Amino acid sequence: MSLDEALGAWAEAAQDMVSAGLAQATGAHYNCADLCNQAAEKALQAVYVLTHDSRAPYDHTLRPLGELVNAPPDILDDLDVLTPYHPSIFLDTHAADQADDAIDDATVADLLRRARGVLKWARPFVYNAT
């Protein structure tokens with residue numbers, strides 16, 4: 001069961017990365033940022049599921065999830081940058097109709113790079129389990 005659940009989480013992470021790229025291309029900056037956050041979370045969940053047979057408890061702060069799967073310091077740093085873009089955090093301080101304007105092109109590019117890095121780190125765990 002854990003492999004199927006892990007592969008499902010991994011597929012969700014991959015789909016979120018594709019959607020993030022499309023959001024960037026259309027100028028939907030906040031959507032892109034949120035999807036980068038979600039992709040990282042799902043990739044971490046995939047790694048967690050492989051050893052725990054369930055998803056980890058999660059409160060929208062990515063670092064503790066990264067620590068649960070022993071992510072290295074550079075990945076934990078990326079998670080710290082991605083965390084503020086979860087809707088429960090970001091939309092507390094930004095109006096939804098102005099969220100795209102609150103994030104510039106350079107930030108979006110950085111978030112995509114960081115999310116891809118998280119997936120690149122997690123990939124061997126998932127692929128080697130199959």
# chains A, B, ... in the order shown; residues from 1 in each chain; ligands from 1
>>> residues_around(residues="region 21-27 of chain A", least_positions_apart="2", cutoff="9 Å", atoms="only C-alpha atoms", output="count of residues only")
15
>>> select_by_dssp(residues="region 60-121 of chain A", states="helix (DSSP H, G or I)", output="JSON, numbers by chain")
{"A": [62, 63, 64, 65, 66, 67, 68, 73, 74, 75, 76, 77, 78, 79, 80, 81, 82, 83, 84, 85, 87, 88, 89, 90, 96, 97, 98, 100, 101, 102, 105, 106, 107, 108, 109, 110, 111, 112, 113, 114, 115, 116, 117, 118, 119, 120, 121]}
>>> write_last_selection(atoms="N, CA and C atoms", output="compact mmCIF listing (two decimals), in the first residue's frame")
# COMPACT_ATOMS: atom_id res chain seq x y z
N LEU A 62 6.52 23.72 5.67
CA LEU A 62 7.22 22.64 4.98
C LEU A 62 8.46 22.12 5.71
N ARG A 63 9.16 22.96 6.44
CA ARG A 63 10.41 22.52 7.08
C ARG A 63 10.21 21.30 7.98
N PRO A 64 9.23 21.28 8.88
CA PRO A 64 9.07 20.09 9.72
C PRO A 64 8.84 18.81 8.89
N LEU A 65 8.14 18.94 7.79
CA LEU A 65 7.93 17.80 6.92
C LEU A 65 9.25 17.37 6.29
N GLY A 66 10.05 18.34 5.88
CA GLY A 66 11.37 18.03 5.35
C GLY A 66 12.27 17.38 6.39
N GLU A 67 12.17 17.83 7.62
CA GLU A 67 12.96 17.22 8.69
C GLU A 67 12.53 15.78 8.95
N LEU A 68 11.24 15.50 8.83
CA LEU A 68 10.75 14.12 9.03
C LEU A 68 11.35 13.15 8.01
N PRO A 73 20.19 20.24 4.43
CA PRO A 73 20.02 21.66 4.75
C PRO A 73 19.62 22.54 3.57
N ASP A 74 20.17 22.30 2.39
CA ASP A 74 19.81 23.15 1.25
C ASP A 74 18.35 22.97 0.86
N ILE A 75 17.84 21.77 0.99
CA ILE A 75 16.42 21.53 0.70
C ILE A 75 15.56 22.16 1.79
N LEU A 76 15.99 22.06 3.04
CA LEU A 76 15.24 22.70 4.13
C LEU A 76 15.18 24.21 3.91
N ASP A 77 16.27 24.79 3.42
CA ASP A 77 16.27 26.23 3.10
C ASP A 77 15.25 26.54 2.00
N ASP A 78 15.20 25.69 0.99
CA ASP A 78 14.21 25.88 -0.08
C ASP A 78 12.79 25.79 0.48
N LEU A 79 12.58 24.87 1.38
CA LEU A 79 11.25 24.71 1.98
C LEU A 79 10.84 25.95 2.77
N ASP A 80 11.80 26.56 3.44
CA ASP A 80 11.51 27.80 4.17
C ASP A 80 11.03 28.90 3.22
N VAL A 81 11.63 28.96 2.05
CA VAL A 81 11.25 29.99 1.07
C VAL A 81 9.88 29.68 0.45
N LEU A 82 9.58 28.42 0.24
CA LEU A 82 8.31 28.03 -0.38
C LEU A 82 7.11 28.13 0.57
N THR A 83 7.34 27.94 1.86
CA THR A 83 6.24 27.89 2.84
C THR A 83 5.31 29.09 2.81
N PRO A 84 5.80 30.32 2.74
CA PRO A 84 4.89 31.47 2.82
C PRO A 84 3.87 31.59 1.68
N TYR A 85 3.99 30.74 0.68
CA TYR A 85 3.08 30.85 -0.46
C TYR A 85 1.88 29.91 -0.37
N PRO A 87 -1.78 29.10 0.58
CA PRO A 87 -2.90 30.06 0.71
C PRO A 87 -3.23 30.44 2.15
N SER A 88 -3.13 29.49 3.06
CA SER A 88 -3.49 29.80 4.45
C SER A 88 -2.54 30.81 5.08
N ILE A 89 -1.37 30.97 4.50
CA ILE A 89 -0.38 31.93 5.00
C ILE A 89 -0.40 33.19 4.14
N PHE A 90 -0.25 33.02 2.84
CA PHE A 90 -0.11 34.16 1.93
C PHE A 90 -1.35 35.03 1.89
N ALA A 96 -6.78 38.43 -2.30
CA ALA A 96 -6.76 37.44 -3.38
C ALA A 96 -6.71 38.09 -4.76
N ASP A 97 -7.42 39.18 -4.93
CA ASP A 97 -7.45 39.82 -6.24
C ASP A 97 -6.17 40.61 -6.56
N GLN A 98 -5.27 40.71 -5.59
CA GLN A 98 -4.00 41.40 -5.80
C GLN A 98 -2.80 40.48 -5.61
N ASP A 100 -1.45 38.09 -7.47
CA ASP A 100 -0.51 37.96 -8.59
C ASP A 100 0.45 39.14 -8.65
N ASP A 101 -0.05 40.33 -8.37
CA ASP A 101 0.79 41.53 -8.43
C ASP A 101 1.80 41.61 -7.28
N ALA A 102 1.59 40.82 -6.24
CA ALA A 102 2.47 40.85 -5.08
C ALA A 102 3.74 40.02 -5.30
N ASP A 105 8.33 38.52 -11.37
CA ASP A 105 8.83 37.46 -12.25
C ASP A 105 10.04 36.74 -11.66
N ALA A 106 10.95 37.50 -11.08
CA ALA A 106 12.16 36.89 -10.52
C ALA A 106 11.82 35.96 -9.36
N THR A 107 10.88 36.35 -8.54
CA THR A 107 10.48 35.49 -7.42
C THR A 107 9.84 34.21 -7.93
N VAL A 108 8.98 34.33 -8.92
CA VAL A 108 8.34 33.15 -9.50
C VAL A 108 9.40 32.20 -10.06
N ALA A 109 10.38 32.72 -10.77
CA ALA A 109 11.45 31.89 -11.32
C ALA A 109 12.22 31.19 -10.21
N ASP A 110 12.48 31.92 -9.12
CA ASP A 110 13.20 31.35 -7.98
C ASP A 110 12.37 30.24 -7.32
N LEU A 111 11.09 30.46 -7.15
CA LEU A 111 10.23 29.45 -6.53
C LEU A 111 10.17 28.19 -7.38
N LEU A 112 10.07 28.36 -8.69
CA LEU A 112 10.08 27.19 -9.58
C LEU A 112 11.39 26.42 -9.44
N ARG A 113 12.49 27.13 -9.40
CA ARG A 113 13.81 26.48 -9.25
C ARG A 113 13.88 25.70 -7.95
N ARG A 114 13.40 26.31 -6.88
CA ARG A 114 13.45 25.65 -5.58
C ARG A 114 12.53 24.42 -5.52
N ALA A 115 11.35 24.55 -6.06
CA ALA A 115 10.43 23.40 -6.07
C ALA A 115 11.00 22.26 -6.91
N ARG A 116 11.59 22.60 -8.05
CA ARG A 116 12.23 21.56 -8.87
C ARG A 116 13.36 20.89 -8.11
N GLY A 117 14.08 21.66 -7.32
CA GLY A 117 15.16 21.09 -6.51
C GLY A 117 14.64 20.09 -5.48
N VAL A 118 13.52 20.40 -4.88
CA VAL A 118 12.92 19.47 -3.91
C VAL A 118 12.53 18.18 -4.62
N LEU A 119 11.90 18.30 -5.78
CA LEU A 119 11.51 17.10 -6.52
C LEU A 119 12.74 16.31 -6.98
N LYS A 120 13.77 17.01 -7.40
CA LYS A 120 14.99 16.33 -7.82
C LYS A 120 15.61 15.55 -6.66
N TRP A 121 15.58 16.14 -5.46
CA TRP A 121 16.10 15.44 -4.29
C TRP A 121 15.24 14.22 -3.95
>>> residues_around(residues="Arg55 (chain A)", least_positions_apart="2", cutoff="9 Å", atoms="only C-alpha atoms", output="PyMOL selection string")
chain A and resi 5-6+45-46+48-49+52-53+57-58
>>> residues_around(residues="Ala122 (chain A)", least_positions_apart="6", cutoff="7 Å", atoms="only C-alpha atoms", output="number ranges by chain")
A: 43-44, 47
>>> write_last_selection(atoms="C-alpha atoms", output="PDB file, in the first residue's frame")
ATOM      1  CA  ALA A  43       7.100  15.202  -3.048  1.00  0.00           C
ATOM      2  CA  LEU A  44       8.008  15.167   0.639  1.00  0.00           C
ATOM      3  CA  VAL A  47       9.126  10.084   0.558  1.00  0.00           C
TER       4      VAL A  47
END
